[in-house]
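Participant: Just input25.pdb, nothing more (PDB, C-alpha atoms):
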ATOM      1  CA  SER R  88       0.000   0.000   0.000  1.00  0.00           C
ATOM      2  CA  GLN R  89       1.315   3.462  -0.871  1.00  0.00           C
ATOM      3  CA  GLN R  90       1.745   5.785   2.058  1.00  0.00           C
ATOM      4  CA  GLY R  91       3.906   8.686   0.913  1.00  0.00           C
ATOM      5  CA  GLU R  92       2.403  10.984  -1.672  1.00  0.00           C
ATOM      6  CA  GLU R  93       4.617  13.571  -3.313  1.00  0.00           C
ATOM      7  CA  ASP R  94       3.446  16.911  -4.554  1.00  0.00           C
ATOM      8  CA  PRO R  95       3.770  18.177  -7.221  1.00  0.00           C
ATOM      9  CA  GLN R  96       3.926  15.225  -9.620  1.00  0.00           C
ATOM     10  CA  ALA R  97       6.163  17.267 -11.927  1.00  0.00           C
ATOM     11  CA  LEU R  98       8.186  20.439 -11.499  1.00  0.00           C
ATOM     12  CA  SER R  99      10.125  22.406 -14.106  1.00  0.00           C
ATOM     13  CA  ILE R 100      12.516  25.189 -13.093  1.00  0.00           C
ATOM     14  CA  GLN R 101      15.517  27.134 -14.401  1.00  0.00           C
ATOM     15  CA  GLU R 102      19.050  26.444 -13.328  1.00  0.00           C
ATOM     16  CA  GLY R 103      19.922  28.406 -10.203  1.00  0.00           C
ATOM     17  CA  GLU R 104      16.382  28.406  -8.840  1.00  0.00           C
ATOM     18  CA  ASN R 105      15.291  26.504  -5.762  1.00  0.00           C
ATOM     19  CA  ALA R 106      13.085  23.418  -6.024  1.00  0.00           C
ATOM     20  CA  THR R 107      10.657  22.388  -3.315  1.00  0.00           C
ATOM     21  CA  MET R 108       8.891  19.037  -3.194  1.00  0.00           C
ATOM     22  CA  ASN R 109       6.393  17.929  -0.596  1.00  0.00           C
ATOM     23  CA  CYS R 110       5.449  14.559   0.825  1.00  0.00           C
ATOM     24  CA  SER R 111       2.423  13.596   2.893  1.00  0.00           C
ATOM     25  CA  TYR R 112       1.895  10.308   4.690  1.00  0.00           C
ATOM     26  CA  LYS R 113      -0.847   8.676   6.708  1.00  0.00           C
ATOM     27  CA  THR R 114       0.431   6.624   9.627  1.00  0.00           C
ATOM     28  CA  SER R 115       3.050   7.058  12.339  1.00  0.00           C
ATOM     29  CA  ILE R 116       6.639   6.704  11.226  1.00  0.00           C
ATOM     30  CA  ASN R 117      10.076   5.901  12.604  1.00  0.00           C
ATOM     31  CA  ASN R 118      11.834   7.942   9.941  1.00  0.00           C
ATOM     32  CA  LEU R 119      11.298   9.515   6.543  1.00  0.00           C
ATOM     33  CA  GLN R 120      13.792   9.291   3.709  1.00  0.00           C
ATOM     34  CA  TRP R 121      14.244  10.959   0.341  1.00  0.00           C
ATOM     35  CA  TYR R 122      15.649   9.156  -2.688  1.00  0.00           C
ATOM     36  CA  ARG R 123      16.593  10.251  -6.168  1.00  0.00           C
ATOM     37  CA  GLN R 124      16.276   8.276  -9.392  1.00  0.00           C
ATOM     38  CA  ASN R 125      17.886   9.198 -12.664  1.00  0.00           C
ATOM     39  CA  SER R 126      15.977   8.053 -15.722  1.00  0.00           C
ATOM     40  CA  GLY R 127      16.036   4.281 -16.105  1.00  0.00           C
ATOM     41  CA  ARG R 128      18.306   3.693 -13.132  1.00  0.00           C
ATOM     42  CA  GLY R 129      18.021   2.553  -9.527  1.00  0.00           C
ATOM     43  CA  LEU R 130      17.224   4.819  -6.592  1.00  0.00           C
ATOM     44  CA  VAL R 131      19.923   6.572  -4.603  1.00  0.00           C
ATOM     45  CA  HIS R 132      19.444   7.564  -0.974  1.00  0.00           C
ATOM     46  CA  LEU R 133      19.730  11.295  -0.302  1.00  0.00           C
ATOM     47  CA  ILE R 134      18.801  11.986   3.291  1.00  0.00           C
ATOM     48  CA  LEU R 135      17.062  10.460   6.324  1.00  0.00           C
ATOM     49  CA  ILE R 136      15.202  12.396   8.992  1.00  0.00           C
ATOM     50  CA  ARG R 137      14.051  10.735  12.183  1.00  0.00           C
ATOM     51  CA  SER R 138      10.586  11.240  13.613  1.00  0.00           C
ATOM     52  CA  ASN R 139      11.971  13.306  16.507  1.00  0.00           C
ATOM     53  CA  GLU R 140      13.837  15.676  14.187  1.00  0.00           C
ATOM     54  CA  ARG R 141      12.333  18.741  12.532  1.00  0.00           C
ATOM     55  CA  GLU R 142      14.966  19.765  10.037  1.00  0.00           C
ATOM     56  CA  LYS R 143      18.076  18.324   8.452  1.00  0.00           C
ATOM     57  CA  HIS R 144      20.625  19.636   5.963  1.00  0.00           C
ATOM     58  CA  SER R 145      23.004  17.925   3.583  1.00  0.00           C
ATOM     59  CA  GLY R 146      24.875  20.118   1.113  1.00  0.00           C
ATOM     60  CA  ARG R 147      22.258  21.851  -1.057  1.00  0.00           C
ATOM     61  CA  LEU R 148      19.465  19.718   0.406  1.00  0.00           C
ATOM     62  CA  ARG R 149      17.196  20.757   3.236  1.00  0.00           C
ATOM     63  CA  VAL R 150      14.525  18.452   4.602  1.00  0.00           C
ATOM     64  CA  THR R 151      11.822  19.369   7.078  1.00  0.00           C
ATOM     65  CA  LEU R 152       9.448  17.074   8.907  1.00  0.00           C
ATOM     66  CA  ASP R 153       6.178  17.995  10.593  1.00  0.00           C
ATOM     67  CA  THR R 154       4.817  14.905  12.313  1.00  0.00           C
ATOM     68  CA  SER R 155       1.688  16.742  13.495  1.00  0.00           C
ATOM     69  CA  LYS R 156       0.742  17.366   9.858  1.00  0.00           C
ATOM     70  CA  LYS R 157       2.289  14.099   8.648  1.00  0.00           C
ATOM     71  CA  SER R 158       4.238  15.946   5.996  1.00  0.00           C
ATOM     72  CA  SER R 159       7.787  16.563   4.841  1.00  0.00           C
ATOM     73  CA  SER R 160       9.430  18.832   2.314  1.00  0.00           C
ATOM     74  CA  LEU R 161      12.650  18.570   0.331  1.00  0.00           C
ATOM     75  CA  LEU R 162      14.306  21.790  -0.771  1.00  0.00           C
ATOM     76  CA  ILE R 163      17.097  21.765  -3.332  1.00  0.00           C
ATOM     77  CA  THR R 164      18.855  25.121  -3.452  1.00  0.00           C
ATOM     78  CA  ALA R 165      20.673  26.604  -6.446  1.00  0.00           C
ATOM     79  CA  SER R 166      19.555  23.783  -8.706  1.00  0.00           C
ATOM     80  CA  ARG R 167      21.687  22.466 -11.540  1.00  0.00           C
ATOM     81  CA  ALA R 168      20.804  20.661 -14.757  1.00  0.00           C
ATOM     82  CA  ALA R 169      22.335  17.539 -13.201  1.00  0.00           C
ATOM     83  CA  ASP R 170      19.600  17.616 -10.509  1.00  0.00           C
ATOM     84  CA  THR R 171      17.079  16.584 -13.166  1.00  0.00           C
ATOM     85  CA  ALA R 172      15.630  13.324 -11.828  1.00  0.00           C
ATOM     86  CA  SER R 173      12.644  11.820 -10.032  1.00  0.00           C
ATOM     87  CA  TYR R 174      12.550  12.300  -6.281  1.00  0.00           C
ATOM     88  CA  PHE R 175      10.764   9.900  -3.927  1.00  0.00           C
ATOM     89  CA  CYS R 176       9.916  10.081  -0.276  1.00  0.00           C
ATOM     90  CA  ALA R 177       9.811   6.848   1.696  1.00  0.00           C
ATOM     91  CA  THR R 178       8.489   6.220   5.175  1.00  0.00           C
ATOM     92  CA  GLY R 179       9.936   3.709   7.595  1.00  0.00           C
ATOM     93  CA  GLY R 180       7.826   2.291  10.372  1.00  0.00           C
ATOM     94  CA  SER R 181       8.106  -0.511  12.896  1.00  0.00           C
ATOM     95  CA  ASN R 182       9.675  -3.033  10.534  1.00  0.00           C
ATOM     96  CA  TYR R 183      12.477  -2.973   8.000  1.00  0.00           C
ATOM     97  CA  LYS R 184      10.281  -2.074   5.074  1.00  0.00           C
ATOM     98  CA  LEU R 185       9.974   1.318   3.418  1.00  0.00           C
ATOM     99  CA  THR R 186       6.843   2.575   1.727  1.00  0.00           C
ATOM    100  CA  PHE R 187       7.566   4.759  -1.285  1.00  0.00           C
ATOM    101  CA  GLY R 188       5.486   7.486  -2.846  1.00  0.00           C
ATOM    102  CA  LYS R 189       4.978   7.865  -6.576  1.00  0.00           C
ATOM    103  CA  GLY R 190       7.609  10.537  -6.955  1.00  0.00           C
ATOM    104  CA  THR R 191       8.105  14.069  -8.241  1.00  0.00           C
ATOM    105  CA  LEU R 192       9.759  14.489 -11.633  1.00  0.00           C
ATOM    106  CA  LEU R 193      12.077  17.488 -11.450  1.00  0.00           C
ATOM    107  CA  THR R 194      13.369  19.070 -14.644  1.00  0.00           C
ATOM    108  CA  VAL R 195      16.053  21.721 -14.343  1.00  0.00           C
ATOM    109  CA  ASN R 196      16.460  23.681 -17.551  1.00  0.00           C
ATOM    110  CA  PRO R 197      19.916  25.059 -18.371  1.00  0.00           C
TER     111      PRO R 197
ATOM    112  CA  ASP V  86      30.552   1.817  -1.114  1.00  0.00           C
ATOM    113  CA  VAL V  87      27.657  -0.592  -1.055  1.00  0.00           C
ATOM    114  CA  LYS V  88      27.185  -2.380  -4.308  1.00  0.00           C
ATOM    115  CA  VAL V  89      23.975  -4.076  -5.324  1.00  0.00           C
ATOM    116  CA  THR V  90      24.275  -5.868  -8.635  1.00  0.00           C
ATOM    117  CA  GLN V  91      21.382  -7.090 -10.727  1.00  0.00           C
ATOM    118  CA  SER V  92      22.306  -9.737 -13.255  1.00  0.00           C
ATOM    119  CA  SER V  93      20.671  -8.157 -16.297  1.00  0.00           C
ATOM    120  CA  ARG V  94      19.806  -4.602 -17.334  1.00  0.00           C
ATOM    121  CA  TYR V  95      17.412  -5.691 -20.063  1.00  0.00           C
ATOM    122  CA  LEU V  96      15.603  -8.982 -20.505  1.00  0.00           C
ATOM    123  CA  VAL V  97      13.108 -10.160 -23.107  1.00  0.00           C
ATOM    124  CA  LYS V  98      11.112 -13.322 -22.398  1.00  0.00           C
ATOM    125  CA  ARG V  99       8.122 -15.106 -23.855  1.00  0.00           C
ATOM    126  CA  THR V 100       4.783 -15.693 -22.155  1.00  0.00           C
ATOM    127  CA  GLY V 101       4.868 -18.848 -20.049  1.00  0.00           C
ATOM    128  CA  GLU V 102       8.630 -18.921 -19.592  1.00  0.00           C
ATOM    129  CA  LYS V 103      10.167 -19.299 -16.145  1.00  0.00           C
ATOM    130  CA  VAL V 104      12.258 -16.201 -15.440  1.00  0.00           C
ATOM    131  CA  PHE V 105      14.993 -15.730 -12.858  1.00  0.00           C
ATOM    132  CA  LEU V 106      16.161 -12.295 -11.782  1.00  0.00           C
ATOM    133  CA  GLU V 107      19.286 -12.345  -9.669  1.00  0.00           C
ATOM    134  CA  CYS V 108      20.532  -9.794  -7.173  1.00  0.00           C
ATOM    135  CA  VAL V 109      23.801  -9.785  -5.232  1.00  0.00           C
ATOM    136  CA  GLN V 110      24.950  -7.350  -2.540  1.00  0.00           C
ATOM    137  CA  ASP V 111      28.451  -7.050  -1.135  1.00  0.00           C
ATOM    138  CA  MET V 112      27.852  -5.330   2.224  1.00  0.00           C
ATOM    139  CA  ASP V 113      26.681  -8.243   4.369  1.00  0.00           C
ATOM    140  CA  HIS V 114      23.227  -6.680   4.675  1.00  0.00           C
ATOM    141  CA  GLU V 115      20.569  -8.673   6.479  1.00  0.00           C
ATOM    142  CA  ASN V 116      17.593  -7.373   4.475  1.00  0.00           C
ATOM    143  CA  MET V 117      16.945  -7.654   0.768  1.00  0.00           C
ATOM    144  CA  PHE V 118      13.964  -6.486  -1.259  1.00  0.00           C
ATOM    145  CA  TRP V 119      12.389  -6.853  -4.686  1.00  0.00           C
ATOM    146  CA  TYR V 120      10.223  -4.070  -6.111  1.00  0.00           C
ATOM    147  CA  ARG V 121       8.563  -3.464  -9.419  1.00  0.00           C
ATOM    148  CA  GLN V 122       8.188   0.032 -10.783  1.00  0.00           C
ATOM    149  CA  ASP V 123       5.502   1.017 -13.261  1.00  0.00           C
ATOM    150  CA  PRO V 124       4.607   4.469 -14.620  1.00  0.00           C
ATOM    151  CA  GLY V 125       2.080   6.191 -12.404  1.00  0.00           C
ATOM    152  CA  LEU V 126       2.249   3.469  -9.737  1.00  0.00           C
ATOM    153  CA  GLY V 127       5.610   4.151  -8.133  1.00  0.00           C
ATOM    154  CA  LEU V 128       7.552   1.373  -6.413  1.00  0.00           C
ATOM    155  CA  ARG V 129       5.601  -1.597  -5.158  1.00  0.00           C
ATOM    156  CA  LEU V 130       7.139  -4.220  -2.893  1.00  0.00           C
ATOM    157  CA  ILE V 131       6.934  -7.778  -4.192  1.00  0.00           C
ATOM    158  CA  TYR V 132       8.859  -9.708  -1.541  1.00  0.00           C
ATOM    159  CA  PHE V 133      11.498  -9.076   1.032  1.00  0.00           C
ATOM    160  CA  SER V 134      13.854 -11.197   3.091  1.00  0.00           C
ATOM    161  CA  TYR V 135      15.266 -10.361   6.509  1.00  0.00           C
ATOM    162  CA  ASP V 136      17.575 -13.364   6.797  1.00  0.00           C
ATOM    163  CA  VAL V 137      18.826 -16.352   4.861  1.00  0.00           C
ATOM    164  CA  LYS V 138      15.964 -18.655   3.910  1.00  0.00           C
ATOM    165  CA  MET V 139      13.454 -16.179   5.389  1.00  0.00           C
ATOM    166  CA  LYS V 140      10.984 -14.344   3.206  1.00  0.00           C
ATOM    167  CA  GLU V 141       7.899 -12.248   3.597  1.00  0.00           C
ATOM    168  CA  LYS V 142       5.283 -11.223   1.070  1.00  0.00           C
ATOM    169  CA  GLY V 143       5.050  -7.622   0.083  1.00  0.00           C
ATOM    170  CA  ASP V 144       2.120  -5.810  -1.480  1.00  0.00           C
ATOM    171  CA  ILE V 145       2.005  -7.665  -4.818  1.00  0.00           C
ATOM    172  CA  PRO V 146       3.447 -11.207  -4.437  1.00  0.00           C
ATOM    173  CA  GLU V 147       1.047 -12.944  -6.818  1.00  0.00           C
ATOM    174  CA  GLY V 148       2.819 -14.598  -9.731  1.00  0.00           C
ATOM    175  CA  TYR V 149       6.237 -14.318  -8.074  1.00  0.00           C
ATOM    176  CA  SER V 150       8.397 -16.349  -5.726  1.00  0.00           C
ATOM    177  CA  VAL V 151      11.805 -15.703  -4.190  1.00  0.00           C
ATOM    178  CA  SER V 152      14.825 -17.597  -2.974  1.00  0.00           C
ATOM    179  CA  ARG V 153      17.522 -16.609  -0.522  1.00  0.00           C
ATOM    180  CA  GLU V 154      19.946 -19.471   0.009  1.00  0.00           C
ATOM    181  CA  LYS V 155      22.932 -17.240   0.771  1.00  0.00           C
ATOM    182  CA  LYS V 156      23.030 -13.922   2.595  1.00  0.00           C
ATOM    183  CA  GLU V 157      24.381 -11.982  -0.365  1.00  0.00           C
ATOM    184  CA  ARG V 158      21.993 -13.295  -3.012  1.00  0.00           C
ATOM    185  CA  PHE V 159      18.258 -12.788  -3.450  1.00  0.00           C
ATOM    186  CA  SER V 160      16.500 -14.202  -6.494  1.00  0.00           C
ATOM    187  CA  LEU V 161      13.113 -13.275  -7.889  1.00  0.00           C
ATOM    188  CA  ILE V 162      11.335 -15.978  -9.869  1.00  0.00           C
ATOM    189  CA  LEU V 163       8.467 -15.532 -12.282  1.00  0.00           C
ATOM    190  CA  GLU V 164       7.038 -19.050 -12.424  1.00  0.00           C
ATOM    191  CA  SER V 165       5.166 -18.487 -15.689  1.00  0.00           C
ATOM    192  CA  ALA V 166       5.801 -15.056 -17.144  1.00  0.00           C
ATOM    193  CA  SER V 167       2.818 -13.068 -18.346  1.00  0.00           C
ATOM    194  CA  THR V 168       2.611  -9.843 -20.325  1.00  0.00           C
ATOM    195  CA  ASN V 169       1.359  -7.932 -17.265  1.00  0.00           C
ATOM    196  CA  GLN V 170       4.706  -8.651 -15.617  1.00  0.00           C
ATOM    197  CA  THR V 171       6.475  -6.423 -18.122  1.00  0.00           C
ATOM    198  CA  SER V 172       8.043  -3.857 -15.852  1.00  0.00           C
ATOM    199  CA  MET V 173      11.190  -2.422 -14.291  1.00  0.00           C
ATOM    200  CA  TYR V 174      12.378  -4.619 -11.422  1.00  0.00           C
ATOM    201  CA  LEU V 175      14.519  -3.138  -8.674  1.00  0.00           C
ATOM    202  CA  CYS V 176      16.463  -4.985  -6.014  1.00  0.00           C
ATOM    203  CA  ALA V 177      17.581  -3.321  -2.777  1.00  0.00           C
ATOM    204  CA  SER V 178      19.366  -4.224   0.436  1.00  0.00           C
ATOM    205  CA  SER V 179      19.603  -2.683   3.898  1.00  0.00           C
ATOM    206  CA  ARG V 180      21.069  -3.335   7.323  1.00  0.00           C
ATOM    207  CA  GLY V 181      18.990  -4.953  10.022  1.00  0.00           C
ATOM    208  CA  SER V 182      18.499  -1.644  11.802  1.00  0.00           C
ATOM    209  CA  LEU V 183      15.138   0.018  12.292  1.00  0.00           C
ATOM    210  CA  ALA V 184      16.757   3.327  13.136  1.00  0.00           C
ATOM    211  CA  LYS V 185      18.741   3.538   9.937  1.00  0.00           C
ATOM    212  CA  ASN V 186      17.007   1.345   7.376  1.00  0.00           C
ATOM    213  CA  ILE V 187      18.524   3.042   4.337  1.00  0.00           C
ATOM    214  CA  GLN V 188      18.052   0.960   1.227  1.00  0.00           C
ATOM    215  CA  TYR V 189      20.706   0.577  -1.459  1.00  0.00           C
ATOM    216  CA  PHE V 190      19.404  -0.176  -4.920  1.00  0.00           C
ATOM    217  CA  GLY V 191      20.679  -1.997  -7.953  1.00  0.00           C
ATOM    218  CA  ALA V 192      20.504  -0.413 -11.402  1.00  0.00           C
ATOM    219  CA  GLY V 193      17.295  -2.260 -12.252  1.00  0.00           C
ATOM    220  CA  THR V 194      16.237  -4.906 -14.762  1.00  0.00           C
ATOM    221  CA  ARG V 195      13.809  -3.866 -17.463  1.00  0.00           C
ATOM    222  CA  LEU V 196      11.831  -6.992 -18.303  1.00  0.00           C
ATOM    223  CA  SER V 197       9.663  -7.307 -21.385  1.00  0.00           C
ATOM    224  CA  VAL V 198       7.351 -10.305 -21.665  1.00  0.00           C
ATOM    225  CA  LEU V 199       6.106 -10.888 -25.205  1.00  0.00           C
TER     226      LEU V 199
END
Reformat the file's structure so that it appears as structure tokens.
Facilitator:
Amino acid sequence: SQQGEEDPQALSIQEGENATMNCSYKTSINNLQWYRQNSGRGLVHLILIRSNEREKHSGRLRVTLDTSKKSSSLLITASRAADTASYFCATGGSNYKLTFGKGTLLTVNP
Amino acid sequence: DVKVTQSSRYLVKRTGEKVFLECVQDMDHENMFWYRQDPGLGLRLIYFSYDVKMKEKGDIPEGYSVSREKKERFSLILESASTNQTSMYLCASSRGSLAKNIQYFGAGTRLSVL
């Protein structure tokens, strides 16, 4: 069953702009993760935020988590053409499984 | 770096054939997973394994089986391939840690069943 739902489904921006993607989920979580997928390839882990954390940074990535609203956002600052990819949120609960959303397709135009 | 290797990038099979998709990881991870990815449906979990010879059904196990005889290898088996199993198949592995259950993915196998 799908839990994470990303919004928007697709996003197109110019190089240098910031990109914001949102994720909503339904049940309680242990952590929330963001992954990136280049076209036709496997997913690559970007960042993990635990349920007791509110914000986390990694390079040009900033993730926030609001457990009261069951939502998270991923901000990519100063985007580059190489950031063009699909981005997925995934929620981890009380077992080892992750539940992935359907993804946001980000296009960064040079 | 963790490496998860899927045996084939592209595979073309005929309806009714028995298909084996192989996945090997080199980081001694306890957990291994098989997903299929279809446009508009995201990633759906087929099966996962949390130890050698242990397996658990995911969300869409029908038409599939799995085998994990060694810790590093997790095989997905399509007993009798059908056209609706044409898809991208992704294998992943993770440590046996609930706090940090990051999954590492292979490059994927794009299977076409004709």
Participant: If you count all atoms listed in the file, which residues fall within 9 Å of V:Glu157, apart from same-chain ones fewer than 5 positions away, as a PDB file with C-alpha atoms, in the frame of the given file?
Facilitator:
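What ended up in selection.pdb:
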ATOM      1  CA  CYS V 108      20.532  -9.794  -7.173  1.00  0.00           C
ATOM      2  CA  VAL V 109      23.801  -9.785  -5.232  1.00  0.00           C
ATOM      3  CA  GLN V 110      24.950  -7.350  -2.540  1.00  0.00           C
ATOM      4  CA  ASP V 111      28.451  -7.050  -1.135  1.00  0.00           C
ATOM      5  CA  MET V 112      27.852  -5.330   2.224  1.00  0.00           C
ATOM      6  CA  ASP V 113      26.681  -8.243   4.369  1.00  0.00           C
ATOM      7  CA  HIS V 114      23.227  -6.680   4.675  1.00  0.00           C
ATOM      8  CA  GLU V 115      20.569  -8.673   6.479  1.00  0.00           C
ATOM      9  CA  MET V 117      16.945  -7.654   0.768  1.00  0.00           C
ATOM     10  CA  VAL V 137      18.826 -16.352   4.861  1.00  0.00           C
TER      11      VAL V 137
END
Participant: With a cut-off of 7 Å, could you pull out the residues of chain R touching chain V and give me the nearest pair of atoms for each, distance in Å to one decimal, using only C-alpha atoms, ordered by chain and ascending number, as CSV?
Facilitator:
residue,atom,partner,partner_atom,distance
R:Ser88,CA,V:Asp144,CA,6.4
R:Arg128,CA,V:Ala192,CA,5.0
R:Gly129,CA,V:Ala192,CA,4.3
R:Leu130,CA,V:Phe190,CA,5.7
R:Val131,CA,V:Phe190,CA,6.8
R:Asn182,CA,V:Leu183,CA,6.5
R:Tyr183,CA,V:Leu183,CA,5.9
R:Phe187,CA,V:Leu128,CA,6.1
R:Gly188,CA,V:Gly127,CA,6.3
R:Lys189,CA,V:Gly127,CA,4.1
R:Gly190,CA,V:Gly127,CA,6.8
Participant: How many Å separate atom CA of R:Ser115 from atom CA of R:Asp94?
Facilitator: 19.6 Å
Participant: Within 9 Å of V:Leu199, counting all atoms listed in the file, which residues show up once you throw out same-chain ones fewer than 2 positions away? Write them as a short mmCIF file (atom, residue, chain, number, x, y, z; two decimals) with C-alpha atoms, in the frame of the given file, please.
Facilitator:
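Done, and the output landed in selection17.cif:
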data_model
loop_
_atom_site.label_atom_id
_atom_site.label_comp_id
_atom_site.auth_asym_id
_atom_site.auth_seq_id
_atom_site.Cartn_x
_atom_site.Cartn_y
_atom_site.Cartn_z
CA VAL V 97 13.11 -10.16 -23.11
CA LYS V 98 11.11 -13.32 -22.40
CA ARG V 99 8.12 -15.11 -23.86
CA THR V 100 4.78 -15.69 -22.16
CA SER V 167 2.82 -13.07 -18.35
CA THR V 168 2.61 -9.84 -20.32
CA THR V 171 6.48 -6.42 -18.12
CA SER V 197 9.66 -7.31 -21.38
#
Participant: Pick from R:Leu185, R:Ala106, R:Asn125, R:Thr191: nearest to R:Val150, with only C-alpha atoms counted?
Facilitator: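 Going through R:Leu185, R:Ala106, R:Asn125, R:Thr191 one by one, the smallest distance to R:Val150 is for R:Ala106.
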Participant: For the PyMOL selection byres ((chain R and resi 144) around 12), applied here, can you spell out every residue it catches as a ChimeraX atom specification?
Facilitator: /R:133-136,140-143,145-152,160-164
Participant: Any chance you could resolve the PyMOL selection byres ((chain R and resi 157) around 10) against this file and give the residues as a list of chain:residue names?
Facilitator: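 With the shown file as input, the PyMOL selection byres ((chain R and resi 157) around 10) matches R:Gly91, R:Cys110, R:Ser111, R:Tyr112, R:Lys113, R:Thr114, R:Ser115, R:Ile116, R:Leu152, R:Asp153, R:Thr154, R:Ser155, R:Lys156, R:Ser158, R:Ser159.
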Participant: Edge lengths and centre in Å to one decimal, as AutoDock Vina command-line options, of the axis-aligned box that encloses all listed atoms of stretch 121-133 of chain R with 3 Å added on every side?
Facilitator:
--center_x 17.1 --center_y 6.9 --center_z -7.9 --size_x 11.7 --size_y 14.7 --size_z 22.4
Participant: What does the distance between atom CA of V:Lys138 and atom CA of V:Arg153 come to in Å, to one decimal place?
Facilitator: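 Atom-to-atom, atom CA of V:Lys138 and atom CA of V:Arg153 are spaced 5.1 Å apart.
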Participant: Could you tell me which residues the PyMOL selection byres ((chain R and resi 168-175) around 7) returns for this structure, as number ranges by chain?
Facilitator: R: 102, 121-126, 166-167, 176-177, 187-197
